[in-house]
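Participant: Next comes coords_14.cif, mmCIF, C-alpha atoms:
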```
data_final
loop_
_atom_site.group_PDB
_atom_site.id
_atom_site.type_symbol
_atom_site.label_atom_id
_atom_site.label_comp_id
_atom_site.auth_asym_id
_atom_site.auth_seq_id
_atom_site.Cartn_x
_atom_site.Cartn_y
_atom_site.Cartn_z
ATOM 1 C CA MET A 215 78.893 166.200 105.689
ATOM 2 C CA ILE A 216 75.474 166.880 107.250
ATOM 3 C CA ASP A 217 72.521 167.922 105.095
ATOM 4 C CA LEU A 218 69.861 169.607 107.240
ATOM 5 C CA HIS A 219 67.236 170.198 104.544
ATOM 6 C CA SER A 220 65.844 167.602 102.137
ATOM 7 C CA HIS A 221 62.546 166.494 100.663
ATOM 8 C CA ILE A 222 63.571 162.883 100.407
ATOM 9 C CA LEU A 223 60.674 160.948 101.948
ATOM 10 C CA PRO A 224 58.699 159.222 99.179
ATOM 11 C CA GLU A 225 55.258 160.570 98.290
ATOM 12 C CA MET A 226 55.280 162.958 101.269
ATOM 13 C CA ASP A 227 55.294 166.329 99.476
ATOM 14 C CA ASP A 228 56.680 167.735 96.213
ATOM 15 C CA GLY A 229 59.931 165.862 96.721
ATOM 16 C CA ALA A 230 60.769 162.206 96.012
ATOM 17 C CA GLU A 231 58.039 160.599 93.945
ATOM 18 C CA ASN A 232 58.550 157.036 95.159
ATOM 19 C CA LEU A 233 60.837 154.796 97.196
ATOM 20 C CA ASP A 234 63.171 154.086 94.285
ATOM 21 C CA MET A 235 63.775 157.809 93.801
ATOM 22 C CA SER A 236 64.392 158.281 97.539
ATOM 23 C CA LEU A 237 67.005 155.524 97.522
ATOM 24 C CA THR A 238 68.698 156.918 94.430
ATOM 25 C CA MET A 239 68.813 160.326 96.112
ATOM 26 C CA LEU A 240 70.415 158.791 99.209
ATOM 27 C CA SER A 241 72.994 157.064 97.013
ATOM 28 C CA MET A 242 73.796 160.369 95.283
ATOM 29 C CA ALA A 243 74.172 162.053 98.665
ATOM 30 C CA SER A 244 76.556 159.344 99.861
ATOM 31 C CA LYS A 245 78.714 159.634 96.747
ATOM 32 C CA GLY A 246 78.974 163.380 97.397
ATOM 33 C CA GLY A 247 80.307 162.839 100.915
ATOM 34 C CA THR A 248 77.104 163.245 102.931
ATOM 35 C CA THR A 249 76.853 160.938 105.934
ATOM 36 C CA THR A 250 73.806 162.428 107.659
ATOM 37 C CA MET A 251 70.582 163.912 106.298
ATOM 38 C CA VAL A 252 67.408 165.259 107.842
ATOM 39 C CA ALA A 253 64.131 164.598 106.058
ATOM 40 C CA THR A 254 62.208 167.874 106.117
ATOM 41 C CA PRO A 255 58.846 167.528 104.324
ATOM 42 C CA HIS A 256 56.764 170.668 103.937
ATOM 43 C CA VAL A 257 54.417 171.605 106.763
ATOM 44 C CA ILE A 258 52.125 174.470 105.804
ATOM 45 C CA GLY A 259 49.698 175.536 108.512
ATOM 46 C CA GLU A 260 47.025 172.970 109.216
ATOM 47 C CA SER A 261 46.232 172.364 105.531
ATOM 48 C CA VAL A 262 49.463 170.533 104.637
ATOM 49 C CA CYS A 263 50.522 168.912 107.872
ATOM 50 C CA PRO A 264 51.606 165.261 107.867
ATOM 51 C CA GLU A 265 51.451 163.685 111.292
ATOM 52 C CA TRP A 266 54.776 163.725 113.088
ATOM 53 C CA GLU A 267 54.451 160.004 113.790
ATOM 54 C CA THR A 268 54.110 159.417 110.031
ATOM 55 C CA ILE A 269 57.291 161.380 109.300
ATOM 56 C CA VAL A 270 59.160 159.392 111.950
ATOM 57 C CA GLN A 271 57.871 156.065 110.641
ATOM 58 C CA GLU A 272 58.629 156.858 106.988
ATOM 59 C CA THR A 273 62.140 157.906 107.997
ATOM 60 C CA LYS A 274 62.673 154.557 109.726
ATOM 61 C CA VAL A 275 61.446 152.687 106.650
ATOM 62 C CA LEU A 276 63.772 154.599 104.331
ATOM 63 C CA ASN A 277 66.729 154.059 106.685
ATOM 64 C CA ARG A 278 66.017 150.332 106.719
ATOM 65 C CA GLU A 279 65.769 150.114 102.930
ATOM 66 C CA ALA A 280 68.978 152.129 102.512
ATOM 67 C CA ALA A 281 70.853 149.875 104.927
ATOM 68 C CA CYS A 282 69.720 146.809 102.980
ATOM 69 C CA ARG A 283 71.311 148.324 99.868
ATOM 70 C CA GLY A 284 74.526 149.323 101.609
ATOM 71 C CA ILE A 285 73.903 153.084 101.389
ATOM 72 C CA ALA A 286 75.919 154.678 104.192
ATOM 73 C CA VAL A 287 73.723 157.676 104.988
ATOM 74 C CA THR A 288 71.807 158.051 108.240
ATOM 75 C CA LEU A 289 68.465 159.827 107.901
ATOM 76 C CA TYR A 290 66.685 161.666 110.716
ATOM 77 C CA PRO A 291 63.117 163.007 110.855
ATOM 78 C CA GLY A 292 62.266 166.692 110.702
ATOM 79 C CA ALA A 293 60.122 169.192 108.819
ATOM 80 C CA GLU A 294 60.261 172.466 106.925
ATOM 81 C CA VAL A 295 57.637 174.522 108.697
ATOM 82 C CA ALA A 296 56.082 177.466 106.875
ATOM 83 C CA ILE A 297 55.554 180.298 109.336
ATOM 84 C CA ASP A 298 51.845 180.299 110.108
ATOM 85 C CA LEU A 299 50.167 181.412 113.319
ATOM 86 C CA GLU A 300 47.626 178.585 113.139
ATOM 87 C CA PHE A 301 50.407 176.018 113.191
ATOM 88 C CA LEU A 302 51.491 177.265 116.612
ATOM 89 C CA ASN A 303 48.417 175.526 118.030
ATOM 90 C CA LYS A 304 50.178 172.229 117.349
ATOM 91 C CA ILE A 305 53.384 173.185 119.142
ATOM 92 C CA SER A 306 53.856 172.896 122.887
ATOM 93 C CA GLY A 307 57.613 172.461 123.032
ATOM 94 C CA PRO A 308 60.608 170.615 121.572
ATOM 95 C CA GLY A 309 59.968 167.335 119.788
ATOM 96 C CA PRO A 310 57.421 167.049 116.972
ATOM 97 C CA TYR A 311 58.379 168.824 113.734
ATOM 98 C CA CYS A 312 61.814 169.736 115.102
ATOM 99 C CA LEU A 313 64.990 168.330 113.547
ATOM 100 C CA ASN A 314 65.531 164.819 114.904
ATOM 101 C CA GLY A 315 62.846 165.545 117.489
ATOM 102 C CA GLY A 316 65.062 167.989 119.385
ATOM 103 C CA ARG A 317 64.868 171.759 119.966
ATOM 104 C CA TYR A 318 65.855 173.062 116.528
ATOM 105 C CA MET A 319 63.058 173.761 114.019
ATOM 106 C CA LEU A 320 63.569 174.569 110.340
ATOM 107 C CA VAL A 321 61.167 177.357 109.346
ATOM 108 C CA GLU A 322 60.402 178.983 106.003
ATOM 109 C CA LEU A 323 59.222 182.475 105.102
ATOM 110 C CA PRO A 324 56.611 183.096 102.395
ATOM 111 C CA ALA A 325 58.315 183.366 99.012
ATOM 112 C CA ARG A 326 57.788 187.089 98.371
ATOM 113 C CA GLU A 327 57.142 188.846 101.691
ATOM 114 C CA ILE A 328 57.974 188.944 105.375
ATOM 115 C CA PRO A 329 54.696 189.002 107.330
ATOM 116 C CA GLY A 330 54.353 191.627 110.028
ATOM 117 C CA TRP A 331 53.894 188.914 112.646
ATOM 118 C CA THR A 332 57.129 187.047 111.807
ATOM 119 C CA ASP A 333 58.845 188.213 115.005
ATOM 120 C CA GLU A 334 55.805 187.044 116.967
ATOM 121 C CA PHE A 335 56.082 183.596 115.386
ATOM 122 C CA PHE A 336 59.781 183.302 116.224
ATOM 123 C CA PHE A 337 59.258 184.604 119.756
ATOM 124 C CA TYR A 338 56.481 182.099 120.436
ATOM 125 C CA LEU A 339 58.746 179.218 119.406
ATOM 126 C CA GLN A 340 61.507 180.539 121.642
ATOM 127 C CA THR A 341 59.159 180.817 124.615
ATOM 128 C CA LYS A 342 58.515 177.091 124.090
ATOM 129 C CA GLU A 343 62.292 176.477 124.129
ATOM 130 C CA ILE A 344 62.414 175.840 120.378
ATOM 131 C CA ILE A 345 65.287 177.376 118.392
ATOM 132 C CA PRO A 346 64.215 178.504 114.899
ATOM 133 C CA ILE A 347 66.485 177.890 111.918
ATOM 134 C CA LEU A 348 65.531 180.051 108.950
ATOM 135 C CA ALA A 349 65.593 178.089 105.682
ATOM 136 C CA HIS A 350 67.281 179.581 102.585
ATOM 137 C CA PRO A 351 66.928 183.332 103.359
ATOM 138 C CA GLU A 352 69.308 184.058 100.466
ATOM 139 C CA ARG A 353 66.394 183.312 98.126
ATOM 140 C CA HIS A 354 64.117 185.907 99.718
ATOM 141 C CA PRO A 355 63.909 189.243 97.844
ATOM 142 C CA GLU A 356 63.332 191.357 100.981
ATOM 143 C CA ILE A 357 66.386 189.908 102.728
ATOM 144 C CA GLN A 358 68.469 190.413 99.591
ATOM 145 C CA GLN A 359 67.560 194.114 99.808
ATOM 146 C CA LYS A 360 67.674 194.403 103.596
ATOM 147 C CA PRO A 361 70.179 191.942 105.101
ATOM 148 C CA GLU A 362 70.174 193.837 108.399
ATOM 149 C CA GLN A 363 66.794 192.199 109.083
ATOM 150 C CA LEU A 364 68.507 188.821 109.032
ATOM 151 C CA LEU A 365 71.278 190.098 111.289
ATOM 152 C CA GLU A 366 68.653 191.370 113.745
ATOM 153 C CA TRP A 367 67.101 187.909 113.896
ATOM 154 C CA ILE A 368 70.494 186.271 114.414
ATOM 155 C CA HIS A 369 71.122 188.585 117.362
ATOM 156 C CA LYS A 370 67.833 187.314 118.792
ATOM 157 C CA GLY A 371 68.985 183.702 118.537
ATOM 158 C CA ILE A 372 67.627 182.712 115.130
ATOM 159 C CA LEU A 373 69.929 180.461 113.105
ATOM 160 C CA VAL A 374 70.411 180.461 109.332
ATOM 161 C CA GLN A 375 70.520 177.584 106.827
ATOM 162 C CA ILE A 376 71.315 178.279 103.195
ATOM 163 C CA ASN A 377 70.920 176.018 100.190
ATOM 164 C CA ALA A 378 74.116 174.617 98.733
ATOM 165 C CA GLY A 379 72.748 175.088 95.226
ATOM 166 C CA SER A 380 72.434 178.818 95.808
ATOM 167 C CA LEU A 381 76.229 179.095 95.911
ATOM 168 C CA LYS A 382 76.524 177.716 92.383
ATOM 169 C CA GLY A 383 73.765 179.814 90.869
ATOM 170 C CA GLN A 384 70.929 177.293 90.909
ATOM 171 C CA TRP A 385 68.387 180.061 91.589
ATOM 172 C CA GLY A 386 70.086 182.778 89.547
ATOM 173 C CA THR A 387 72.783 185.384 90.032
ATOM 174 C CA LYS A 388 70.981 187.495 92.659
ATOM 175 C CA VAL A 389 70.493 184.481 94.924
ATOM 176 C CA LYS A 390 74.067 183.315 94.314
ATOM 177 C CA LYS A 391 75.443 186.726 95.284
ATOM 178 C CA ALA A 392 73.282 186.848 98.410
ATOM 179 C CA ALA A 393 74.419 183.365 99.450
ATOM 180 C CA GLN A 394 78.071 184.261 98.941
ATOM 181 C CA LEU A 395 77.716 187.432 100.985
ATOM 182 C CA LEU A 396 75.979 185.581 103.825
ATOM 183 C CA VAL A 397 78.879 183.132 103.966
ATOM 184 C CA LEU A 398 81.471 185.914 103.754
ATOM 185 C CA ASN A 399 79.817 187.809 106.608
ATOM 186 C CA GLN A 400 79.546 184.643 108.743
ATOM 187 C CA LEU A 401 75.760 184.767 108.849
ATOM 188 C CA VAL A 402 75.363 181.068 108.026
ATOM 189 C CA HIS A 403 75.181 178.198 110.522
ATOM 190 C CA ALA A 404 74.242 175.197 108.381
ATOM 191 C CA PHE A 405 73.777 174.006 104.811
ATOM 192 C CA GLY A 406 71.140 171.928 103.123
ATOM 193 C CA SER A 407 70.614 170.489 99.681
ATOM 194 C CA ASP A 408 66.865 171.238 99.696
ATOM 195 C CA ALA A 409 66.847 168.198 97.416
ATOM 196 C CA HIS A 410 63.560 167.358 95.716
ATOM 197 C CA SER A 411 64.623 164.765 93.137
ATOM 198 C CA THR A 412 67.514 163.173 91.270
ATOM 199 C CA GLY A 413 67.478 166.003 88.732
ATOM 200 C CA THR A 414 68.736 169.551 89.105
ATOM 201 C CA ARG A 415 67.706 169.761 92.772
ATOM 202 C CA ASN A 416 69.559 166.664 93.918
ATOM 203 C CA PRO A 417 71.400 165.962 97.200
ATOM 204 C CA ASN A 418 74.945 165.557 95.874
ATOM 205 C CA LEU A 419 76.965 168.132 97.830
ATOM 206 C CA GLY A 420 80.390 167.024 96.684
ATOM 207 C CA TYR A 421 81.269 170.548 95.532
ATOM 208 C CA LEU A 422 80.168 172.393 98.671
ATOM 209 C CA LYS A 423 83.221 172.347 100.956
ATOM 210 C CA THR A 424 85.542 173.524 98.209
ATOM 211 C CA THR A 425 83.139 176.318 97.294
ATOM 212 C CA VAL A 426 82.778 177.510 100.881
ATOM 213 C CA GLN A 427 86.519 177.264 101.566
ATOM 214 C CA SER A 428 87.223 179.480 98.555
ATOM 215 C CA LEU A 429 84.882 182.117 100.013
ATOM 216 C CA GLN A 430 86.243 181.853 103.547
ATOM 217 C CA ARG A 431 89.832 182.101 102.335
ATOM 218 C CA ASN A 432 91.946 181.698 105.488
ATOM 219 C CA ARG A 433 89.056 181.072 107.874
ATOM 220 C CA SER A 434 88.335 177.591 109.164
ATOM 221 C CA ILE A 435 85.144 175.925 107.892
ATOM 222 C CA GLU A 436 85.165 173.299 110.650
ATOM 223 C CA LYS A 437 82.293 174.889 112.558
ATOM 224 C CA LEU A 438 80.096 175.207 109.475
ATOM 225 C CA PHE A 439 80.524 171.570 108.487
ATOM 226 C CA GLY A 440 81.095 169.960 111.870
ATOM 227 C CA ASP A 441 80.341 171.753 115.116
ATOM 228 C CA TYR A 442 77.171 173.621 114.187
ATOM 229 C CA PRO A 443 75.204 171.000 112.211
ATOM 230 C CA SER A 444 76.323 168.189 114.514
ATOM 231 C CA ALA A 445 75.054 170.098 117.548
ATOM 232 C CA ILE A 446 71.750 170.779 115.800
ATOM 233 C CA VAL A 447 71.128 167.152 114.824
ATOM 234 C CA ASN A 448 72.160 165.911 118.265
ATOM 235 C CA ASP A 449 70.207 168.616 120.145
ATOM 236 C CA ARG A 450 73.237 170.149 121.835
ATOM 237 C CA ASP A 451 74.111 173.715 122.814
ATOM 238 C CA PHE A 452 76.830 175.426 120.798
ATOM 239 C CA CYS A 453 78.582 178.763 120.569
ATOM 240 C CA VAL A 454 78.057 180.901 117.475
ATOM 241 C CA SER A 455 81.143 183.089 117.220
ATOM 242 C CA GLU A 456 81.998 186.234 115.279
ATOM 243 C CA VAL A 457 78.496 187.535 114.689
ATOM 244 C CA PRO A 458 78.778 191.084 113.264
ATOM 245 C CA GLU A 459 77.134 193.800 115.333
ATOM 246 C CA SER A 460 76.021 195.559 112.168
ATOM 247 C CA LEU A 461 76.447 195.529 108.398
ATOM 248 C CA SER A 462 77.479 198.184 105.927
ATOM 249 C CA TYR A 463 76.863 198.131 102.179
ATOM 250 C CA LYS A 464 79.524 199.392 99.802
ATOM 251 C CA ASP A 465 80.446 198.679 96.183
ATOM 252 C CA GLY A 466 77.859 195.924 95.917
ATOM 253 C CA LYS A 467 79.035 194.140 99.064
ATOM 254 C CA TRP A 468 77.726 193.733 102.588
ATOM 255 C CA ASN A 469 80.569 194.333 104.999
ATOM 256 C CA GLY A 470 80.488 193.005 108.529
ATOM 257 C CA ILE A 471 81.680 195.520 111.113
ATOM 258 C CA LYS A 472 84.802 194.090 112.780
ATOM 259 C CA ASN A 473 83.455 194.463 116.300
ATOM 260 C CA CYS A 474 81.702 191.119 116.710
ATOM 261 C CA LEU A 475 79.589 189.270 119.249
ATOM 262 C CA SER A 476 79.564 185.639 120.409
ATOM 263 C CA ARG A 477 76.376 183.868 121.434
ATOM 264 C CA TRP A 478 75.570 180.523 122.995
ATOM 265 C CA ILE A 479 72.687 178.829 121.210
ATOM 266 C CA GLY A 480 70.443 176.550 123.220
ATOM 267 C CA ARG A 481 71.180 177.796 126.714
#
```
Please re-express this file's structure in structure tokens.
Facilitator:
Amino acid sequence: MIDLHSHILPEMDDGAENLDMSLTMLSMASKGGTTTMVATPHVIGESVCPEWETIVQETKVLNREAACRGIAVTLYPGAEVAIDLEFLNKISGPGPYCLNGGRYMLVELPAREIPGWTDEFFFYLQTKEIIPILAHPERHPEIQQKPEQLLEWIHKGILVQINAGSLKGQWGTKVKKAAQLLVLNQLVHAFGSDAHSTGTRNPNLGYLKTTVQSLQRNRSIEKLFGDYPSAIVNDRDFCVSEVPESLSYKDGKWNGIKNCLSRWIGR
């Protein structure tokens, strides 16, 4: 299993408090079946912006300490970038602040609103050959009310990562329902623990595959847990299949229209 979203680097943000906690989190992840994680500390404009070289170095240190303790999880550097026009001054192309230094960048919306310049932010990244991955949109109240906005972004090449904990109600019933509907409508491309500690928001994803398989029923989950996240971590192109052209809303459910599109990501 590949976890694309974690706050596991010690003393980097509001995640792991120290090295011991980071190592315990890695051990929990391993016991849950995770083999690969990406460290994604918060980057918020120019005010909260650890140097990329620091993120890379701290990732190497944590990998080394984990290996010494026999923890079989490989950690890669990355970031969770809050959308902010000022931050774009630091970006010239793939590499820094992207997942494993490739082309894919995990980005986060403000908690309560979608700024009017969000499309501009995404477009700028794409002009620099960076592929945005939107972090946990199921938690956003505007997307819960207007999922067609998310579908519009997907049609423009934006990818979607949801939090595993959302599927078990960690953020409440509204978020759980939104996460389930995103999975059902095949609007998800990767999962993350968004782990911050060894407590409630921990990186043990041992329940995730079973939960997703129960939602997908007869559909294969191979792409969600293998093809898509592997391509992202290894900076490869991949084909996103069965993207609905539009959504309908009936009886409390979003329904994907059967006529679907396929899109190559990265080309």
Participant: Would you mind listing what lies within 7 Å of segment 332-344 of chain A as a list in words, with all atoms listed in the file counted and same-chain residues fewer than 6 positions away left out?
Facilitator: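 The neighbour list is Ile297, Leu299, Ser306, Gly307, Pro308, Arg317, Tyr318 and Met319 of chain A.
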Participant: Select, from A:Lys390, A:Lys245, A:His410, A:Lys360, the residue with the minimum atom-to-atom distance to His221 of chain A, counting all atoms listed in the file.
Facilitator: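 The closest residue to His221 of chain A is A:His410.
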Participant: May I have the protein, DNA and RNA residues with an atom at most 12 Å from (66.3, 168.2, 100.2), counting all atoms listed in the file in the file's coordinates, returned as JSON, numbers by chain?
Facilitator: {"A": [216, 217, 218, 219, 220, 221, 222, 223, 224, 227, 228, 229, 230, 236, 239, 240, 242, 243, 251, 252, 253, 254, 255, 256, 289, 292, 293, 294, 349, 350, 376, 377, 378, 379, 405, 406, 407, 408, 409, 410, 411, 412, 413, 414, 415, 416, 417, 418, 419]}
Participant: I need the residue set behind the PyMOL selection byres ((chain A and resi 272) around 12) for this file; please write it as JSON, numbers by chain.
Facilitator: {"A": [222, 223, 224, 225, 226, 232, 233, 236, 253, 254, 255, 264, 265, 266, 267, 268, 269, 270, 271, 273, 274, 275, 276, 277, 278, 279, 289, 290, 291, 292]}
Participant: Ranking A:Ser455, A:Glu260, A:Val397, A:Trp367 by minimum distance to Ser428 of chain A and counting all atoms listed in the file, which one comes first?
Facilitator: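 So, comparing all the options, the nearest one is A:Val397.
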Participant: For Ile285 of chain A, which of A:Gly309, A:Gly316, A:Pro443, A:Gly247 is the closest residue, counting all atoms listed in the file?
Facilitator: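 Nearest candidate to Ile285 of chain A out of A:Gly309, A:Gly316, A:Pro443, A:Gly247: A:Gly247.
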Participant: Which residue out of A:Val402, A:Ile479, A:Ala280, A:Val262 has the minimum interatomic distance to Ser241 of chain A when only C-alpha atoms are used?
Facilitator: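 Of A:Val402, A:Ile479, A:Ala280, A:Val262, the one nearest Ser241 of chain A is A:Ala280, counting only C-alpha atoms.
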Participant: Report the distance between atom CA of Leu396 of chain A and atom CA of Pro361 of chain A in Å, rounded to one decimal place.
Facilitator: 8.7 Å
Participant: Interatomic distance between atom CA of Asp234 of chain A and atom CA of Ala296 of chain A?
Facilitator: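 Taking atom CA of Asp234 of chain A and atom CA of Ala296 of chain A, their separation equals 27.5 Å.
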Participant: What's around His403 of chain A at 6 Å? Count all atoms listed in the file, leave out sequence neighbours fewer than 4 positions away in its own chain, and write the answer as a PyMOL selection string.
Facilitator: chain A and resi 374-375+438
Participant: Record the distance separating atom CA of Leu422 of chain A and atom CA of Ile368 of chain A, expressed in Å with one decimal.
Facilitator: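 Distance reported for this atom pair: 23.1 Å.
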Participant: Step by step, gather every atom of segment 394-397 of chain A that the file lists, find the box along x, y and z that holds them, add 5 Å on each side, and finally give centre and edge lengths in Å to one decimal, as JSON.
Facilitator:
```
{"center_x": 77.4, "center_y": 185.3, "center_z": 101.5, "size_x": 12.9, "size_y": 14.3, "size_z": 15.0}
```
Participant: Missing atoms in segment 317-326 of chain A should be modelled up to all heavy atoms and reported as a short mmCIF file (atom, residue, chain, number, x, y, z; two decimals), keeping the file's coordinate frame.
Facilitator:
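Below you can see rebuild_33.cif, which holds the result:
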```
data_model
loop_
_atom_site.label_atom_id
_atom_site.label_comp_id
_atom_site.auth_asym_id
_atom_site.auth_seq_id
_atom_site.Cartn_x
_atom_site.Cartn_y
_atom_site.Cartn_z
N ARG A 317 65.32 170.39 119.71
CA ARG A 317 64.87 171.76 119.97
C ARG A 317 64.93 172.65 118.74
O ARG A 317 64.40 173.77 118.77
CB ARG A 317 65.73 172.41 121.06
CG ARG A 317 65.55 171.85 122.45
CD ARG A 317 66.64 172.40 123.36
NE ARG A 317 67.95 171.84 122.97
CZ ARG A 317 69.11 172.30 123.42
NH1 ARG A 317 69.16 173.35 124.22
NH2 ARG A 317 70.24 171.73 123.05
N TYR A 318 65.61 172.21 117.69
CA TYR A 318 65.86 173.06 116.53
C TYR A 318 64.80 172.81 115.45
O TYR A 318 64.60 171.67 115.02
CB TYR A 318 67.25 172.80 115.97
CG TYR A 318 68.36 173.12 116.95
CD1 TYR A 318 68.83 172.15 117.84
CD2 TYR A 318 68.92 174.39 117.01
CE1 TYR A 318 69.84 172.43 118.75
CE2 TYR A 318 69.95 174.68 117.90
CZ TYR A 318 70.39 173.71 118.77
OH TYR A 318 71.39 174.01 119.67
N MET A 319 64.13 173.89 115.01
CA MET A 319 63.06 173.76 114.02
C MET A 319 63.40 174.57 112.77
O MET A 319 63.69 175.76 112.85
CB MET A 319 61.72 174.25 114.59
CG MET A 319 60.56 174.18 113.59
SD MET A 319 58.98 174.73 114.30
CE MET A 319 58.59 173.31 115.33
N LEU A 320 63.34 173.91 111.62
CA LEU A 320 63.57 174.57 110.34
C LEU A 320 62.29 175.26 109.90
O LEU A 320 61.24 174.62 109.76
CB LEU A 320 63.99 173.54 109.29
CG LEU A 320 64.41 174.08 107.92
CD1 LEU A 320 65.73 174.84 108.04
CD2 LEU A 320 64.55 172.92 106.93
N VAL A 321 62.36 176.58 109.70
CA VAL A 321 61.17 177.36 109.35
C VAL A 321 61.41 178.12 108.05
O VAL A 321 62.54 178.51 107.73
CB VAL A 321 60.76 178.33 110.48
CG1 VAL A 321 60.44 177.57 111.76
CG2 VAL A 321 61.85 179.34 110.75
N GLU A 322 60.32 178.36 107.32
CA GLU A 322 60.40 178.98 106.00
C GLU A 322 59.49 180.20 105.92
O GLU A 322 58.33 180.15 106.33
CB GLU A 322 60.00 177.97 104.93
CG GLU A 322 60.04 178.50 103.52
CD GLU A 322 59.58 177.47 102.50
OE1 GLU A 322 58.74 176.62 102.84
OE2 GLU A 322 60.06 177.54 101.36
N LEU A 323 60.02 181.29 105.36
CA LEU A 323 59.22 182.48 105.10
C LEU A 323 58.39 182.29 103.84
O LEU A 323 58.74 181.49 102.96
CB LEU A 323 60.14 183.68 104.91
CG LEU A 323 60.93 184.18 106.12
CD1 LEU A 323 61.97 185.20 105.65
CD2 LEU A 323 60.03 184.79 107.17
N PRO A 324 57.29 183.05 103.69
CA PRO A 324 56.61 183.10 102.40
C PRO A 324 57.59 183.57 101.32
O PRO A 324 58.54 184.30 101.59
CB PRO A 324 55.50 184.13 102.61
CG PRO A 324 55.29 184.15 104.09
CD PRO A 324 56.63 183.88 104.70
N ALA A 325 57.34 183.16 100.08
CA ALA A 325 58.32 183.37 99.01
C ALA A 325 58.60 184.83 98.71
O ALA A 325 59.72 185.18 98.32
CB ALA A 325 57.85 182.66 97.74
N ARG A 326 57.61 185.72 98.85
CA ARG A 326 57.79 187.09 98.37
C ARG A 326 57.73 188.16 99.46
O ARG A 326 58.03 189.32 99.20
CB ARG A 326 56.71 187.42 97.32
CG ARG A 326 56.62 186.45 96.15
CD ARG A 326 57.91 186.34 95.37
NE ARG A 326 58.37 187.61 94.83
CZ ARG A 326 59.51 187.76 94.18
NH1 ARG A 326 60.31 186.71 94.00
NH2 ARG A 326 59.87 188.94 93.70
#
```
